file entry_4.txt (compact mmCIF, C-alpha atoms)
# COMPACT_ATOMS: atom_id res chain seq x y z
CA MET E 1 0.00 0.00 0.00
CA ALA E 2 1.58 3.25 -1.16
CA TYR E 3 -0.76 5.60 0.63
CA SER E 4 -1.98 6.68 4.04
CA THR E 5 -5.56 7.80 4.60
CA SER E 6 -4.34 10.40 7.08
CA ASN E 7 -3.79 12.86 4.21
CA PRO E 8 -6.20 14.07 1.48
CA ALA E 9 -4.31 12.38 -1.38
CA GLY E 10 -4.45 9.03 0.43
CA GLN E 11 -8.12 9.53 1.22
CA ALA E 12 -8.84 10.26 -2.44
CA VAL E 13 -7.03 7.06 -3.47
CA GLN E 14 -9.02 5.07 -0.87
CA ASN E 15 -12.34 6.60 -2.06
CA ILE E 16 -11.52 5.74 -5.70
CA ILE E 17 -10.64 2.14 -4.75
CA ASN E 18 -13.96 1.90 -2.85
CA ASP E 19 -15.89 3.12 -5.92
CA LEU E 20 -13.88 1.14 -8.49
CA PRO E 21 -12.50 -1.98 -6.76
CA GLN E 22 -11.69 -3.48 -10.17
CA LEU E 23 -9.34 -0.61 -11.16
CA VAL E 24 -5.86 -1.43 -12.52
CA ALA E 25 -3.94 1.46 -10.92
CA VAL E 26 -4.48 4.90 -9.42
CA ALA E 27 -2.19 7.73 -8.32
CA VAL E 28 -2.43 11.30 -7.05
CA VAL E 29 0.46 13.19 -8.61
CA ASP E 30 2.22 16.54 -8.13
CA SER E 31 2.28 17.95 -11.70
CA GLN E 32 5.43 19.98 -11.32
CA SER E 33 7.70 17.20 -10.09
CA GLY E 34 5.84 14.16 -11.43
CA MET E 35 6.09 12.57 -7.95
CA THR E 36 3.17 10.63 -6.50
CA LEU E 37 1.47 11.82 -3.31
CA ALA E 38 -0.43 8.54 -2.99
CA SER E 39 -0.89 5.50 -5.24
CA HIS E 40 -2.24 1.99 -5.48
CA THR E 41 -2.00 -0.77 -8.09
CA ASN E 42 -3.82 -4.05 -8.61
CA SER E 43 -1.41 -5.06 -11.37
CA PRO E 44 1.89 -6.81 -10.68
CA THR E 45 3.47 -5.10 -13.69
CA LEU E 46 2.00 -1.60 -13.74
CA ASP E 47 4.00 0.65 -11.44
CA PRO E 48 1.90 3.77 -10.73
CA GLU E 49 4.96 5.87 -9.83
CA THR E 50 6.52 5.24 -13.26
CA ALA E 51 3.14 5.94 -14.83
CA ALA E 52 2.88 9.22 -12.93
CA ALA E 53 6.30 10.40 -14.08
CA TYR E 54 5.55 9.69 -17.76
CA ASN E 55 2.01 11.01 -17.71
CA THR E 56 3.22 14.28 -16.22
CA GLU E 57 5.01 14.80 -19.56
CA VAL E 58 1.76 14.11 -21.45
CA VAL E 59 0.09 16.92 -19.46
CA LYS E 60 3.03 19.30 -20.02
CA GLN E 61 3.03 18.71 -23.79
CA LYS E 62 -0.69 19.46 -24.00
CA GLN E 63 -0.14 22.66 -22.02
CA LYS E 64 2.56 23.63 -24.57
CA ALA E 65 0.13 22.86 -27.42
CA MET E 66 -2.42 25.19 -25.82
CA LYS E 67 0.19 27.91 -25.47
CA ALA E 68 1.02 27.50 -29.19
CA LEU E 69 -2.69 27.95 -29.95
CA LYS E 70 -2.75 31.05 -27.73
CA LEU E 71 -5.43 29.46 -25.52
CA THR E 72 -4.09 31.25 -22.47
CA ASP E 73 -7.47 31.69 -20.74
CA GLU E 74 -8.26 27.97 -20.99
CA THR E 75 -7.36 25.25 -18.49
CA ILE E 76 -7.32 21.47 -18.95
CA ASP E 77 -10.03 19.70 -16.95
CA ASP E 78 -9.14 16.17 -17.94
CA ILE E 79 -7.39 13.97 -20.50
CA LEU E 80 -8.93 10.62 -21.42
CA ILE E 81 -6.85 8.11 -23.35
CA THR E 82 -8.55 5.15 -25.03
CA LEU E 83 -6.29 2.16 -25.64
CA THR E 84 -7.16 -1.23 -27.11
CA ASN E 85 -8.24 -2.70 -23.75
CA GLN E 86 -7.64 -0.02 -21.15
CA LEU E 87 -8.70 3.51 -20.37
CA HIS E 88 -6.22 5.96 -18.87
CA LEU E 89 -7.67 9.07 -17.24
CA ILE E 90 -5.87 12.17 -16.05
CA ASN E 91 -8.01 14.56 -14.02
CA LEU E 92 -6.30 17.89 -13.32
CA ILE E 93 -6.94 19.58 -9.99
CA ASP E 94 -6.25 22.99 -8.58
CA GLY E 95 -5.51 24.65 -11.95
CA GLY E 96 -3.27 21.76 -12.96
CA LYS E 97 -1.00 21.72 -9.88
CA LYS E 98 -2.01 18.14 -9.13
CA PHE E 99 -3.67 15.36 -11.07
CA ILE E 100 -5.33 12.04 -10.40
CA TYR E 101 -4.21 9.30 -12.77
CA LEU E 102 -6.41 6.23 -13.18
CA VAL E 103 -6.10 3.07 -15.27
CA VAL E 104 -9.13 0.80 -15.74
CA ASN E 105 -10.04 -2.07 -18.03
CA GLN E 106 -12.72 -1.09 -20.55
CA ARG E 107 -14.60 -4.33 -19.96
CA ASP E 108 -15.05 -3.41 -16.24
CA THR E 109 -15.52 0.35 -16.27
CA ASN E 110 -16.79 2.79 -18.86
CA LEU E 111 -15.41 6.26 -19.50
CA ALA E 112 -18.34 8.17 -18.00
CA ILE E 113 -18.24 6.27 -14.70
CA ALA E 114 -14.46 6.51 -14.34
CA ARG E 115 -14.58 10.23 -15.09
CA GLU E 116 -17.37 10.82 -12.56
CA VAL E 117 -15.50 8.99 -9.80
CA LEU E 118 -12.40 11.16 -10.36
CA ARG E 119 -14.41 14.38 -10.46
CA GLU E 120 -15.95 13.58 -7.08
CA GLN E 121 -12.47 13.55 -5.51
CA ALA E 122 -11.42 16.96 -6.82
CA PRO E 123 -12.82 19.02 -3.88
CA LEU E 124 -10.90 16.84 -1.42
CA LEU E 125 -7.58 17.66 -3.09
CA LYS E 126 -7.99 21.39 -3.60
CA MET O 1 11.78 30.11 -76.78
CA VAL O 2 8.58 28.66 -75.28
CA HIS O 3 5.74 28.33 -77.75
CA LEU O 4 2.81 30.53 -76.74
CA ALA O 5 0.21 27.69 -76.82
CA SER O 6 2.30 25.49 -74.52
CA ALA O 7 2.92 28.27 -71.98
CA PRO O 8 -0.12 27.57 -69.74
CA SER O 9 0.60 23.87 -69.49
CA LEU O 10 4.24 24.62 -68.73
CA LEU O 11 3.07 26.97 -65.99
CA GLY O 12 0.71 24.26 -64.73
CA ARG O 13 3.53 21.76 -64.60
CA LEU O 14 5.71 24.24 -62.76
CA GLN O 15 2.93 24.91 -60.24
CA ALA O 16 2.35 21.20 -59.81
CA PHE O 17 6.04 20.82 -59.13
CA ILE O 18 6.27 23.49 -56.43
CA SER O 19 2.79 23.32 -54.90
CA PRO O 20 2.21 20.84 -52.03
CA GLN O 21 -1.29 20.14 -53.44
CA ALA O 22 0.31 18.03 -56.13
CA ASP O 23 1.47 15.48 -53.56
CA PRO O 24 -1.16 12.67 -53.47
CA ALA O 25 -0.66 12.14 -49.71
CA THR O 26 -1.34 15.83 -49.08
CA GLU O 27 -4.35 15.71 -51.39
CA ALA O 28 -5.78 12.76 -49.46
CA ALA O 29 -5.08 14.59 -46.19
CA GLN O 30 -6.94 17.65 -47.46
CA GLY O 31 -9.88 15.44 -48.41
CA THR O 32 -10.01 13.92 -44.92
CA VAL O 33 -9.82 17.32 -43.22
CA ALA O 34 -12.53 18.75 -45.52
CA ALA O 35 -14.85 15.80 -44.76
CA VAL O 36 -14.41 16.14 -40.98
CA TYR O 37 -14.86 19.90 -41.23
CA ALA O 38 -18.14 19.39 -43.11
CA ASP O 39 -19.41 16.77 -40.61
CA LEU O 40 -18.59 18.93 -37.59
CA PRO O 41 -19.95 22.42 -38.28
CA GLU O 42 -19.33 23.33 -34.63
CA ALA O 43 -15.61 22.48 -34.84
CA PHE O 44 -13.17 25.36 -34.42
CA ALA O 45 -10.28 23.61 -36.06
CA VAL O 46 -9.36 20.35 -37.79
CA ALA O 47 -5.87 19.14 -38.68
CA LEU O 48 -4.27 15.99 -40.00
CA ILE O 49 -0.76 15.50 -38.70
CA GLU O 50 1.99 13.12 -39.75
CA LEU O 51 3.39 10.90 -36.99
CA PRO O 52 5.99 10.78 -35.56
CA SER O 53 7.35 13.91 -37.30
CA GLY O 54 4.54 16.23 -36.17
CA ARG O 55 4.33 17.78 -39.66
CA PRO O 56 0.84 19.17 -40.40
CA LEU O 57 -0.44 17.63 -43.66
CA ALA O 58 -3.70 19.61 -43.94
CA TRP O 59 -5.71 21.88 -41.67
CA ARG O 60 -8.70 24.20 -41.45
CA SER O 61 -9.86 26.68 -38.84
CA ARG O 62 -13.04 28.71 -38.32
CA LEU O 63 -11.36 31.08 -35.87
CA PRO O 64 -8.75 33.45 -37.29
CA GLY O 65 -6.68 33.32 -34.10
CA LEU O 66 -6.69 29.53 -33.80
CA ARG O 67 -3.91 28.05 -35.94
CA PRO O 68 -3.99 24.25 -35.57
CA GLU O 69 -0.87 23.85 -37.73
CA ARG O 70 1.13 25.69 -35.04
CA ALA O 71 0.18 23.19 -32.34
CA ALA O 72 0.62 20.14 -34.60
CA ALA O 73 4.10 19.28 -33.38
CA TYR O 74 3.01 19.61 -29.73
CA ASN O 75 -0.07 17.45 -30.23
CA ALA O 76 2.10 14.84 -31.95
CA GLU O 77 4.37 15.05 -28.90
CA VAL O 78 1.37 14.36 -26.58
CA VAL O 79 0.86 11.08 -28.47
CA ARG O 80 4.60 10.29 -28.49
CA GLN O 81 4.84 10.85 -24.72
CA LYS O 82 1.81 8.66 -24.07
CA HIS O 83 3.38 5.97 -26.25
CA ALA O 84 6.62 6.25 -24.24
CA ALA O 85 4.52 5.90 -21.05
CA LEU O 86 2.91 2.71 -22.37
CA LEU O 87 6.31 1.20 -23.23
CA ALA O 88 7.69 2.11 -19.79
CA LEU O 89 4.69 0.44 -18.16
CA GLY O 90 5.04 -2.77 -20.17
CA LEU O 91 1.86 -1.94 -22.08
CA GLY O 92 3.48 -2.07 -25.52
CA HIS O 93 0.72 -4.44 -26.71
CA GLU O 94 -1.89 -1.70 -26.17
CA ARG O 95 -2.54 0.72 -29.03
CA ILE O 96 -3.58 4.37 -28.51
CA GLU O 97 -6.96 4.83 -30.20
CA ASP O 98 -7.75 8.35 -29.10
CA ILE O 99 -6.92 11.04 -26.57
CA LEU O 100 -9.71 13.36 -25.46
CA ILE O 101 -8.78 16.58 -23.70
CA SER O 102 -11.53 18.53 -21.94
CA LEU O 103 -10.76 22.20 -21.47
CA ARG O 104 -13.10 24.62 -19.73
CA GLU O 105 -14.83 25.68 -22.96
CA GLN O 106 -13.35 23.43 -25.63
CA LEU O 107 -12.82 19.77 -26.34
CA HIS O 108 -9.67 18.68 -28.15
CA LEU O 109 -9.63 15.20 -29.66
CA LEU O 110 -6.63 13.36 -31.03
CA ARG O 111 -7.31 10.18 -32.99
CA VAL O 112 -4.40 8.00 -34.09
CA SER O 113 -4.66 5.99 -37.32
CA ARG O 114 -4.46 2.22 -36.96
CA ASP O 115 -0.98 2.08 -38.48
CA GLY O 116 0.19 4.93 -36.22
CA SER O 117 1.29 7.12 -39.14
CA ARG O 118 -1.26 9.92 -38.84
CA LEU O 119 -3.06 11.90 -36.19
CA LEU O 120 -6.42 13.58 -36.70
CA TYR O 121 -6.91 16.58 -34.43
CA VAL O 122 -10.11 18.49 -33.83
CA ALA O 123 -11.07 21.32 -31.46
CA VAL O 124 -14.79 21.87 -30.77
CA ASP O 125 -16.84 24.14 -28.51
CA SER O 126 -17.97 22.07 -25.52
CA ASP O 127 -21.29 23.98 -25.42
CA ASP O 128 -22.18 23.00 -28.98
CA SER O 129 -20.93 19.44 -29.14
CA ASN O 130 -20.10 16.47 -27.00
CA LEU O 131 -17.28 14.04 -26.64
CA ALA O 132 -19.16 10.96 -27.83
CA LEU O 133 -20.45 12.61 -31.00
CA THR O 134 -17.14 14.17 -31.99
CA ARG O 135 -15.37 10.92 -31.28
CA HIS O 136 -17.82 9.04 -33.46
CA VAL O 137 -17.20 11.39 -36.41
CA LEU O 138 -13.42 11.11 -36.08
CA ARG O 139 -13.64 7.34 -35.95
CA GLN O 140 -15.42 7.35 -39.31
CA HIS O 141 -12.81 9.49 -41.00
CA ILE O 142 -9.54 7.91 -39.99
CA SER O 143 -8.70 4.24 -39.89
call {"tool": "encode", "arguments": {"input": "entry_4.txt", "output": "structure tokens"}}
result
Amino acid sequence: MAYSTSNPAGQAVQNIINDLPQLVAVAVVDSQSGMTLASHTNSPTLDPETAAAYNTEVVKQKQKAMKALKLTDETIDDILITLTNQLHLINLIDGGKKFIYLVVNQRDTNLAIAREVLREQAPLLK
Amino acid sequence: MVHLASAPSLLGRLQAFISPQADPATEAAQGTVAAVYADLPEAFAVALIELPSGRPLAWRSRLPGLRPERAAAYNAEVVRQKHAALLALGLGHERIEDILISLREQLHLLRVSRDGSRLLYVAVDSDDSNLALTRHVLRQHIS
């Protein structure tokens, strides 16, 4: 267990696990450093800390794309990535300072449910 | 000296030589972008981008300030980074189908072709459209 429920990030991870017990992996990440504040995985191979570090770069590149488009008054709410069998969700919190990263199998969880579960945790992490 | 009657065709050949429209790949790209643009009247911008180079092949925009060709390389980089993430996580067998980015007032969708060589990008107003609909249209236009 890579989280403690004594802090908001750990509580958020616990709440997400309660709502989506079949999830593959989840992490609450500091966007600037790419470090995880709390994480959990149900997969022996998927390391959520590695995932957090790489997905931080995905967020940064999209922010650069928005700058190139001069969309300076816009902020990213979330990024949803559809793979062959999995869904990867990145929900940005607090103007993008933190994000929740979630991996689910498409056969267990649909996009709308996964997205809703992450959105519910946003107030806890602000 | 060039014969007067042959001058227009010579000019045409010269134009064909220098203009990117003459390239069949670019022509196909322009066709795809035009079709998506027609199917999504609420879209701000549509672009077809070559992967992994990030070179924009064709693009259209309804907003003068929004230049999708300028962000092409960055959007290609979003896909490249996600691909790097998948490899690092041992998920190399998974293929990226699409990436949906919700902004406060816009939705940006990136759909990767099956062979991974092209990226279709569209920006729509989130008040006038929805993710599922836009995604459906993109799916029909790139395979």
call {"tool": "residues_around", "arguments": {"input": "entry_4.txt", "residues": "segment 26-40 of chain O", "least_positions_apart": "5", "cutoff": "12 Å", "atoms": "only C-alpha atoms", "output": "VMD selection string"}}
result
chain O and resid 19 to 21 45 to 50 55 to 62 68 118 to 125 128 to 130 133 to 143
call {"tool": "atom_distance", "arguments": {"input": "entry_4.txt", "atom1": "atom CA of Ala88 of chain O", "atom2": "atom CA of Tyr3 of chain E"}}
result
22.4 Å
call {"tool": "atom_distance", "arguments": {"input": "entry_4.txt", "atom1": "atom CA of Leu51 of chain O", "atom2": "atom CA of Leu92 of chain E"}}
result
26.5 Å
call {"tool": "residues_near_point", "arguments": {"input": "entry_4.txt", "point": "(5.9, 6.6, -33.5)", "cutoff": "12 Å", "atoms": "all atoms listed in the file", "output": "number ranges by chain"}}
result
O: 50-54, 76-84, 87, 95-96, 112-119
call {"tool": "interface_residues", "arguments": {"input": "entry_4.txt", "of": "chain E", "to": "chain O", "cutoff": "12 Å", "atoms": "all atoms listed in the file", "output": "PyMOL selection string"}}
result
chain E and resi 25+43-92+95-96+103+105+111-112+115
call {"tool": "write_last_selection", "arguments": {"input": "entry_4.txt", "atoms": "C-alpha atoms", "output": "PDB file, in the coordinates of the input"}}
result
ATOM      1  CA  ALA E  25      -3.940   1.460 -10.920  1.00  0.00           C
ATOM      2  CA  SER E  43      -1.410  -5.060 -11.370  1.00  0.00           C
ATOM      3  CA  PRO E  44       1.890  -6.810 -10.680  1.00  0.00           C
ATOM      4  CA  THR E  45       3.470  -5.100 -13.690  1.00  0.00           C
ATOM      5  CA  LEU E  46       2.000  -1.600 -13.740  1.00  0.00           C
ATOM      6  CA  ASP E  47       4.000   0.650 -11.440  1.00  0.00           C
ATOM      7  CA  PRO E  48       1.900   3.770 -10.730  1.00  0.00           C
ATOM      8  CA  GLU E  49       4.960   5.870  -9.830  1.00  0.00           C
ATOM      9  CA  THR E  50       6.520   5.240 -13.260  1.00  0.00           C
ATOM     10  CA  ALA E  51       3.140   5.940 -14.830  1.00  0.00           C
ATOM     11  CA  ALA E  52       2.880   9.220 -12.930  1.00  0.00           C
ATOM     12  CA  ALA E  53       6.300  10.400 -14.080  1.00  0.00           C
ATOM     13  CA  TYR E  54       5.550   9.690 -17.760  1.00  0.00           C
ATOM     14  CA  ASN E  55       2.010  11.010 -17.710  1.00  0.00           C
ATOM     15  CA  THR E  56       3.220  14.280 -16.220  1.00  0.00           C
ATOM     16  CA  GLU E  57       5.010  14.800 -19.560  1.00  0.00           C
ATOM     17  CA  VAL E  58       1.760  14.110 -21.450  1.00  0.00           C
ATOM     18  CA  VAL E  59       0.090  16.920 -19.460  1.00  0.00           C
ATOM     19  CA  LYS E  60       3.030  19.300 -20.020  1.00  0.00           C
ATOM     20  CA  GLN E  61       3.030  18.710 -23.790  1.00  0.00           C
ATOM     21  CA  LYS E  62      -0.690  19.460 -24.000  1.00  0.00           C
ATOM     22  CA  GLN E  63      -0.140  22.660 -22.020  1.00  0.00           C
ATOM     23  CA  LYS E  64       2.560  23.630 -24.570  1.00  0.00           C
ATOM     24  CA  ALA E  65       0.130  22.860 -27.420  1.00  0.00           C
ATOM     25  CA  MET E  66      -2.420  25.190 -25.820  1.00  0.00           C
ATOM     26  CA  LYS E  67       0.190  27.910 -25.470  1.00  0.00           C
ATOM     27  CA  ALA E  68       1.020  27.500 -29.190  1.00  0.00           C
ATOM     28  CA  LEU E  69      -2.690  27.950 -29.950  1.00  0.00           C
ATOM     29  CA  LYS E  70      -2.750  31.050 -27.730  1.00  0.00           C
ATOM     30  CA  LEU E  71      -5.430  29.460 -25.520  1.00  0.00           C
ATOM     31  CA  THR E  72      -4.090  31.250 -22.470  1.00  0.00           C
ATOM     32  CA  ASP E  73      -7.470  31.690 -20.740  1.00  0.00           C
ATOM     33  CA  GLU E  74      -8.260  27.970 -20.990  1.00  0.00           C
ATOM     34  CA  THR E  75      -7.360  25.250 -18.490  1.00  0.00           C
ATOM     35  CA  ILE E  76      -7.320  21.470 -18.950  1.00  0.00           C
ATOM     36  CA  ASP E  77     -10.030  19.700 -16.950  1.00  0.00           C
ATOM     37  CA  ASP E  78      -9.140  16.170 -17.940  1.00  0.00           C
ATOM     38  CA  ILE E  79      -7.390  13.970 -20.500  1.00  0.00           C
ATOM     39  CA  LEU E  80      -8.930  10.620 -21.420  1.00  0.00           C
ATOM     40  CA  ILE E  81      -6.850   8.110 -23.350  1.00  0.00           C
ATOM     41  CA  THR E  82      -8.550   5.150 -25.030  1.00  0.00           C
ATOM     42  CA  LEU E  83      -6.290   2.160 -25.640  1.00  0.00           C
ATOM     43  CA  THR E  84      -7.160  -1.230 -27.110  1.00  0.00           C
ATOM     44  CA  ASN E  85      -8.240  -2.700 -23.750  1.00  0.00           C
ATOM     45  CA  GLN E  86      -7.640  -0.020 -21.150  1.00  0.00           C
ATOM     46  CA  LEU E  87      -8.700   3.510 -20.370  1.00  0.00           C
ATOM     47  CA  HIS E  88      -6.220   5.960 -18.870  1.00  0.00           C
ATOM     48  CA  LEU E  89      -7.670   9.070 -17.240  1.00  0.00           C
ATOM     49  CA  ILE E  90      -5.870  12.170 -16.050  1.00  0.00           C
ATOM     50  CA  ASN E  91      -8.010  14.560 -14.020  1.00  0.00           C
ATOM     51  CA  LEU E  92      -6.300  17.890 -13.320  1.00  0.00           C
ATOM     52  CA  GLY E  95      -5.510  24.650 -11.950  1.00  0.00           C
ATOM     53  CA  GLY E  96      -3.270  21.760 -12.960  1.00  0.00           C
ATOM     54  CA  VAL E 103      -6.100   3.070 -15.270  1.00  0.00           C
ATOM     55  CA  ASN E 105     -10.040  -2.070 -18.030  1.00  0.00           C
ATOM     56  CA  LEU E 111     -15.410   6.260 -19.500  1.00  0.00           C
ATOM     57  CA  ALA E 112     -18.340   8.170 -18.000  1.00  0.00           C
ATOM     58  CA  ARG E 115     -14.580  10.230 -15.090  1.00  0.00           C
TER      59      ARG E 115
END
call {"tool": "atom_distance", "arguments": {"input": "entry_4.txt", "atom1": "atom CA of Ala25 of chain O", "atom2": "atom CA of Pro41 of chain O"}}
result
24.7 Å
call {"tool": "axis_aligned_box", "arguments": {"input": "entry_4.txt", "around": "segment 55-70 of chain E", "padding_each_side": "5 Å", "output": "AutoDock Vina command-line options"}}
result
--center_x 1.1 --center_y 21.0 --center_z -23.1 --size_x 17.8 --size_y 30.0 --size_z 23.7
call {"tool": "residues_around", "arguments": {"input": "entry_4.txt", "residues": "Ala12 of chain E", "least_positions_apart": "6", "cutoff": "12 Å", "atoms": "all atoms listed in the file", "output": "PyMOL selection string"}}
result
chain E and resi 3-6+18-19+26-29+37-40+99-102+117-126
call {"tool": "build_atoms", "arguments": {"input": "entry_4.txt", "residues": "segment 50-61 of chain E", "atoms": "N, CA and C atoms", "output": "PDB file, in the coordinates of the input"}}
result
ATOM      1  N   THR E  50       5.950   5.074 -11.912  1.00  0.00           N
ATOM      2  CA  THR E  50       6.520   5.240 -13.260  1.00  0.00           C
ATOM      3  C   THR E  50       5.470   5.885 -14.156  1.00  0.00           C
ATOM      4  N   ALA E  51       4.233   5.398 -14.030  1.00  0.00           N
ATOM      5  CA  ALA E  51       3.140   5.940 -14.830  1.00  0.00           C
ATOM      6  C   ALA E  51       2.969   7.434 -14.570  1.00  0.00           C
ATOM      7  N   ALA E  52       3.045   7.822 -13.304  1.00  0.00           N
ATOM      8  CA  ALA E  52       2.880   9.220 -12.930  1.00  0.00           C
ATOM      9  C   ALA E  52       3.952  10.089 -13.585  1.00  0.00           C
ATOM     10  N   ALA E  53       5.189   9.628 -13.530  1.00  0.00           N
ATOM     11  CA  ALA E  53       6.300  10.400 -14.080  1.00  0.00           C
ATOM     12  C   ALA E  53       6.114  10.618 -15.579  1.00  0.00           C
ATOM     13  N   TYR E  54       5.732   9.576 -16.312  1.00  0.00           N
ATOM     14  CA  TYR E  54       5.550   9.690 -17.760  1.00  0.00           C
ATOM     15  C   TYR E  54       4.317  10.509 -18.116  1.00  0.00           C
ATOM     16  N   ASN E  55       3.235  10.302 -17.367  1.00  0.00           N
ATOM     17  CA  ASN E  55       2.010  11.010 -17.710  1.00  0.00           C
ATOM     18  C   ASN E  55       2.079  12.499 -17.382  1.00  0.00           C
ATOM     19  N   THR E  56       2.973  12.862 -16.478  1.00  0.00           N
ATOM     20  CA  THR E  56       3.220  14.280 -16.220  1.00  0.00           C
ATOM     21  C   THR E  56       3.689  14.959 -17.507  1.00  0.00           C
ATOM     22  N   GLU E  57       4.522  14.256 -18.283  1.00  0.00           N
ATOM     23  CA  GLU E  57       5.010  14.800 -19.560  1.00  0.00           C
ATOM     24  C   GLU E  57       3.879  14.945 -20.575  1.00  0.00           C
ATOM     25  N   VAL E  58       2.921  14.022 -20.549  1.00  0.00           N
ATOM     26  CA  VAL E  58       1.760  14.110 -21.450  1.00  0.00           C
ATOM     27  C   VAL E  58       1.009  15.420 -21.158  1.00  0.00           C
ATOM     28  N   VAL E  59       0.795  15.693 -19.871  1.00  0.00           N
ATOM     29  CA  VAL E  59       0.090  16.920 -19.460  1.00  0.00           C
ATOM     30  C   VAL E  59       0.883  18.146 -19.907  1.00  0.00           C
ATOM     31  N   LYS E  60       2.184  18.138 -19.671  1.00  0.00           N
ATOM     32  CA  LYS E  60       3.030  19.300 -20.020  1.00  0.00           C
ATOM     33  C   LYS E  60       2.998  19.580 -21.521  1.00  0.00           C
ATOM     34  N   GLN E  61       3.040  18.515 -22.339  1.00  0.00           N
ATOM     35  CA  GLN E  61       3.030  18.710 -23.790  1.00  0.00           C
ATOM     36  C   GLN E  61       1.710  19.321 -24.235  1.00  0.00           C
TER      37      GLN E  61
END
